Amino acid sequence: MDPVPFPDPSNDPSTDPATPSSSPTRILLSFVGTGDYVPARYRLGELTTEHEHTYFATAIAELLQRRGTPIQCAFLLATDAARARHGERLCEAFRAQFHPAIEARIVAIPEGRSQEEIWRLVGILASHVPRGASVVLDVTHGFRSQPIVAMAAFPLLYRCLSLRADSRILYGAFHALGEPSDVKSRRERGQPIEPAPVFDLTELFDLARWADAFASFALTGDGRPLVHRLRETRNAARDEHTRYLQPKIASHLETPLYAFVDALDTVRSDLVPTAAKRLYDALGEGFAGLERNHPATVIADLLQAQLRTALGTLVDPPREPPERPEDFEAPTHAYLAAQLATARWLLTHHRLLEAVIVTRELLTSLAIALVRPFAPDRFGSSSRSHGNRLTLAEWRSELEWTVEQALRDALGRPPRSDGLERTADAEKPPEAGSLDTSPPPQGLVQWLRDHASFSNAMAQIGTASRDRRNNLMHAWTGCESERLGASASGERTVRDCERWLARISELLESLPRSDA
């Protein structure tokens with residue numbers, strides 16, 4: 001069956017906004033049923049209504065008023081049958097108890113007997129919610145699917161209409177007292193009737209927000225929504241109605257998760273594996289003391305499973321990348337493998353520019369590891385400094401230039417067709433007296449000649465990844481990309497990068513040993 005299009009509320013006379021002349025900032029949306037309602041007192045947290053209410057809508061209005069968050073307008077959502085049975089008495093109850101502080105209006109809604117009527121109800125809800133308002137949705141009564149539809153639509157209204165964070169979903173649990181006939185019987189016999197509890201279902205809406213944050217992290221590696229949810233959890237821990245995750249977990253994970261996200265956002269391939277491992281370790285530590293009977297354990301378990309799954313390729317097997325400067329000068333196989341895992345992780349999460357950038361950096365690290373067995377005297381801080389004239393970045397560029405020279409000699413190719421990008425001016429070597437531009441070690445040149453497959457792969461991947469990186473970074477227009485032969489779709493970039501990384505993985509296993 002074809003999906004029912006989202007209706008235009010302006011075409012439905014029942015959806016005419018019944019808002020007061022000035023848009024209220026706090027409103028109540030309450031469904032009206034056709035049942036025989038029994039008066040009762042209600043309890044929300046530590047507050048209890050001072051007297052019995054036949055209608056839960058007036059009960060919640062009193063409770064919110066006593067909490068210091070009074071509503072200004074009540075939209076009473078009623079079908080024709082519900083309006084005929086309760087509409088006039090319900091409006092009179094609001095006028096008697098809250099006029100003129102609260103303006104109550106009956107809003108006609110369909111019964112929801114068809115798909116089209118369900119979508120009409122969503123449109124009616126949207127048309128009666130002012131942008132930026134605080135909304136209290138009462139789903140206690142209503143015909144069949146109506147409260148369910150309202151709860152399903154609430155996340156849409158929350159996001160699209162920028163509702164305030166203190167918006168709530170409430171349910172008056174009269175059934176906790178027993179069947180209405182039993183409650184009447186006990187009252188007639190003079191037995192005390194306890195207040196009916198009010199359930200705050202807003203935490204169920206928060207499940208959707210957690211789901212969005214999980215999806216964002218799983219699909220794109222963007223952990224900022226998760227950081228935001230953890231921060232909100234920690235800040236709201238003192239509110240008994242929003243304590244859906246223990247604050248200990250939130251505070252324990254927030255810092256390492258933010259560090260991991262920051263390393264990704266700034267493309268710090270040297271920090272990503274370390275941050276991932278620390279976050280992975282924090283998962284075990286933060287959840288160790290979790291009370292298993294806590295009602296939000298399901299969220300905690302899902303959070304732990306989601307993060308462990310997402311981090312698995314970065315920390316399995318666990319790697320501790322080097323952190324000392326001298327370690328970066330001599331990349332170990334473990335460090336190169338960690339960079340490779342980072343590039344693959346970024347590609348899997350469709351972060352194309354970052355994946356290509358890390359791939360390029362991995363090639364530089366591979367070049368440095370390639371030089372070490374043939375020129376050990378050029379490694380170590382004393383050899384690198386040249387009288388403290390070289391930074392670590394300059395030193396890496398120098399070795400990169402050395403490998404490019406060796407590739408050119410080994411393959412007999414002109415500079416522009418070699419793989420590794422050198423300095424800003426690709427036609428010229430580093431300035432004399434700046435970097436060491438002496439001929440590459442003959443042992444390195446000979447090794448590259450003897451391993452032609454390795455040399456060709458390194459040159460080809462270097463050229464292709466350089467052009468693709470430049471295309472992505474410089475935002476070339478279509479005509480420029482076509483002229484430079486660098487135009488590629490995102491799908492093609494993914495395929496090419498997957499191929500490059502698979503080949504680089506093979507190259508890592510072919511690197512010469514330090515005793516070569």
# chains A, B, ... in the order shown; residues from 1 in each chain; ligands from 1
call {"tool": "residues_around", "arguments": {"residues": "Arg344 in chain A", "least_positions_apart": "6", "cutoff": "10 Å", "atoms": "only C-alpha atoms", "output": "short mmCIF file (atom, residue, chain, number, x, y, z; two decimals) with all heavy atoms, in the first residue's frame"}}
result
data_model
loop_
_atom_site.label_atom_id
_atom_site.label_comp_id
_atom_site.auth_asym_id
_atom_site.auth_seq_id
_atom_site.Cartn_x
_atom_site.Cartn_y
_atom_site.Cartn_z
N THR A 313 37.66 -2.62 16.02
CA THR A 313 38.71 -2.68 15.01
C THR A 313 39.92 -1.82 15.38
O THR A 313 40.99 -2.00 14.80
CB THR A 313 38.17 -2.21 13.65
OG1 THR A 313 37.64 -0.88 13.78
CG2 THR A 313 37.07 -3.14 13.16
N LEU A 314 39.75 -0.90 16.32
CA LEU A 314 40.86 -0.04 16.71
C LEU A 314 41.66 -0.62 17.88
O LEU A 314 42.82 -0.27 18.08
CB LEU A 314 40.35 1.35 17.10
CG LEU A 314 39.78 2.20 15.96
CD1 LEU A 314 39.21 3.49 16.52
CD2 LEU A 314 40.85 2.50 14.93
N ALA A 338 48.41 0.40 13.72
CA ALA A 338 47.40 1.25 14.36
C ALA A 338 46.93 2.35 13.41
O ALA A 338 45.74 2.66 13.35
CB ALA A 338 47.97 1.86 15.64
N HIS A 350 32.52 6.28 6.75
CA HIS A 350 32.27 7.20 5.64
C HIS A 350 32.80 8.60 5.90
O HIS A 350 32.24 9.59 5.45
CB HIS A 350 30.77 7.27 5.31
CG HIS A 350 30.52 7.53 3.85
ND1 HIS A 350 30.78 6.61 2.87
CD2 HIS A 350 30.05 8.62 3.21
CE1 HIS A 350 30.46 7.11 1.69
NE2 HIS A 350 30.03 8.32 1.86
N ARG A 351 33.90 8.68 6.61
CA ARG A 351 34.58 9.96 6.81
C ARG A 351 35.72 10.02 5.80
O ARG A 351 36.89 9.74 6.11
CB ARG A 351 35.05 10.08 8.26
CG ARG A 351 33.89 9.99 9.24
CD ARG A 351 34.32 10.02 10.68
NE ARG A 351 34.83 11.32 11.08
CZ ARG A 351 34.70 11.82 12.30
NH1 ARG A 351 34.02 11.15 13.21
NH2 ARG A 351 35.22 12.99 12.62
N ALA A 355 39.81 9.79 6.14
CA ALA A 355 40.40 8.50 5.77
C ALA A 355 41.54 8.69 4.78
O ALA A 355 42.60 8.05 4.90
CB ALA A 355 39.33 7.58 5.19
N VAL A 356 41.34 9.57 3.79
CA VAL A 356 42.39 9.80 2.80
C VAL A 356 43.58 10.50 3.43
O VAL A 356 44.75 10.18 3.14
CB VAL A 356 41.84 10.61 1.61
CG1 VAL A 356 42.95 11.00 0.64
CG2 VAL A 356 40.76 9.82 0.87
N VAL A 358 44.61 10.30 6.57
CA VAL A 358 45.35 9.33 7.38
C VAL A 358 46.09 8.34 6.48
O VAL A 358 47.21 7.91 6.81
CB VAL A 358 44.40 8.60 8.35
CG1 VAL A 358 45.12 7.48 9.09
CG2 VAL A 358 43.82 9.59 9.37
N THR A 359 45.49 8.00 5.34
CA THR A 359 46.17 7.12 4.40
C THR A 359 47.46 7.77 3.91
O THR A 359 48.52 7.12 3.80
CB THR A 359 45.26 6.79 3.21
OG1 THR A 359 44.08 6.12 3.68
CG2 THR A 359 45.98 5.89 2.20
N CYS A 497 39.99 3.83 -1.79
CA CYS A 497 40.68 3.84 -0.50
C CYS A 497 40.74 2.43 0.09
O CYS A 497 41.74 2.05 0.70
CB CYS A 497 39.98 4.80 0.45
SG CYS A 497 41.03 5.44 1.77
N GLU A 498 39.69 1.66 -0.08
CA GLU A 498 39.71 0.27 0.38
C GLU A 498 40.83 -0.50 -0.31
O GLU A 498 41.54 -1.30 0.32
CB GLU A 498 38.36 -0.40 0.11
CG GLU A 498 37.23 0.06 1.03
CD GLU A 498 35.90 -0.54 0.64
OE1 GLU A 498 35.79 -1.04 -0.52
OE2 GLU A 498 34.97 -0.51 1.46
N LEU A 501 44.31 0.70 1.03
CA LEU A 501 44.61 0.21 2.38
C LEU A 501 44.90 -1.28 2.37
O LEU A 501 45.75 -1.77 3.13
CB LEU A 501 43.45 0.53 3.32
CG LEU A 501 43.23 2.03 3.59
CD1 LEU A 501 41.98 2.24 4.42
CD2 LEU A 501 44.45 2.63 4.29
N ALA A 502 44.21 -2.04 1.51
CA ALA A 502 44.49 -3.47 1.42
C ALA A 502 45.92 -3.70 0.90
O ALA A 502 46.64 -4.58 1.40
CB ALA A 502 43.48 -4.14 0.49
#
call {"tool": "select_by_dssp", "arguments": {"residues": "range 53-96 of chain A", "states": "strand (DSSP E)", "output": "PyMOL selection string"}}
result
chain A and resi 73-78
call {"tool": "write_last_selection", "arguments": {"atoms": "C-alpha atoms", "output": "PDB file, in the first residue's frame"}}
result
ATOM      1  CA  CYS A  73      -3.140  26.540  27.934  1.00  0.00           C
ATOM      2  CA  ALA A  74      -4.754  23.093  27.859  1.00  0.00           C
ATOM      3  CA  PHE A  75      -5.632  21.552  24.512  1.00  0.00           C
ATOM      4  CA  LEU A  76      -8.132  18.763  25.223  1.00  0.00           C
ATOM      5  CA  LEU A  77      -8.027  16.294  22.329  1.00  0.00           C
ATOM      6  CA  ALA A  78     -11.401  14.642  21.889  1.00  0.00           C
TER       7      ALA A  78
END
call {"tool": "closest_residue", "arguments": {"among": "A:Arg41, A:Arg308, A:His228, A:Arg26", "to": "Thr54 in chain A", "atoms": "only C-alpha atoms"}}
result
A:Arg41
call {"tool": "atom_distance", "arguments": {"atom1": "CA of Leu125 in chain A", "atom2": "CA of Val139 in chain A"}}
result
12.8 Å
call {"tool": "atom_distance", "arguments": {"atom1": "CA of Gln339 in chain A", "atom2": "CA of Asp212 in chain A"}}
result
28.7 Å
call {"tool": "closest_residue", "arguments": {"among": "A:Leu347, A:Leu336, A:Ala211, A:Val494", "to": "Gln306 in chain A", "atoms": "only C-alpha atoms"}}
result
A:Ala211
call {"tool": "closest_residue", "arguments": {"among": "A:Ala40, A:Ile124, A:Ile193, A:Val129", "to": "Ala173 in chain A", "atoms": "only C-alpha atoms"}}
result
A:Ala40
call {"tool": "residues_around", "arguments": {"residues": "Asp166 in chain A", "least_positions_apart": "5", "cutoff": "9 Å", "atoms": "only C-alpha atoms", "output": "JSON, numbers by chain"}}
result
{"A": [134, 135, 136]}
call {"tool": "atom_distance", "arguments": {"atom1": "CA of Leu302 in chain A", "atom2": "CA of Trp210 in chain A"}}
result
9.5 Å
call {"tool": "closest_residue", "arguments": {"among": "A:Leu63, A:Ile504, A:Val227, A:Ala275", "to": "Ala343 in chain A", "atoms": "only C-alpha atoms"}}
result
A:Ile504
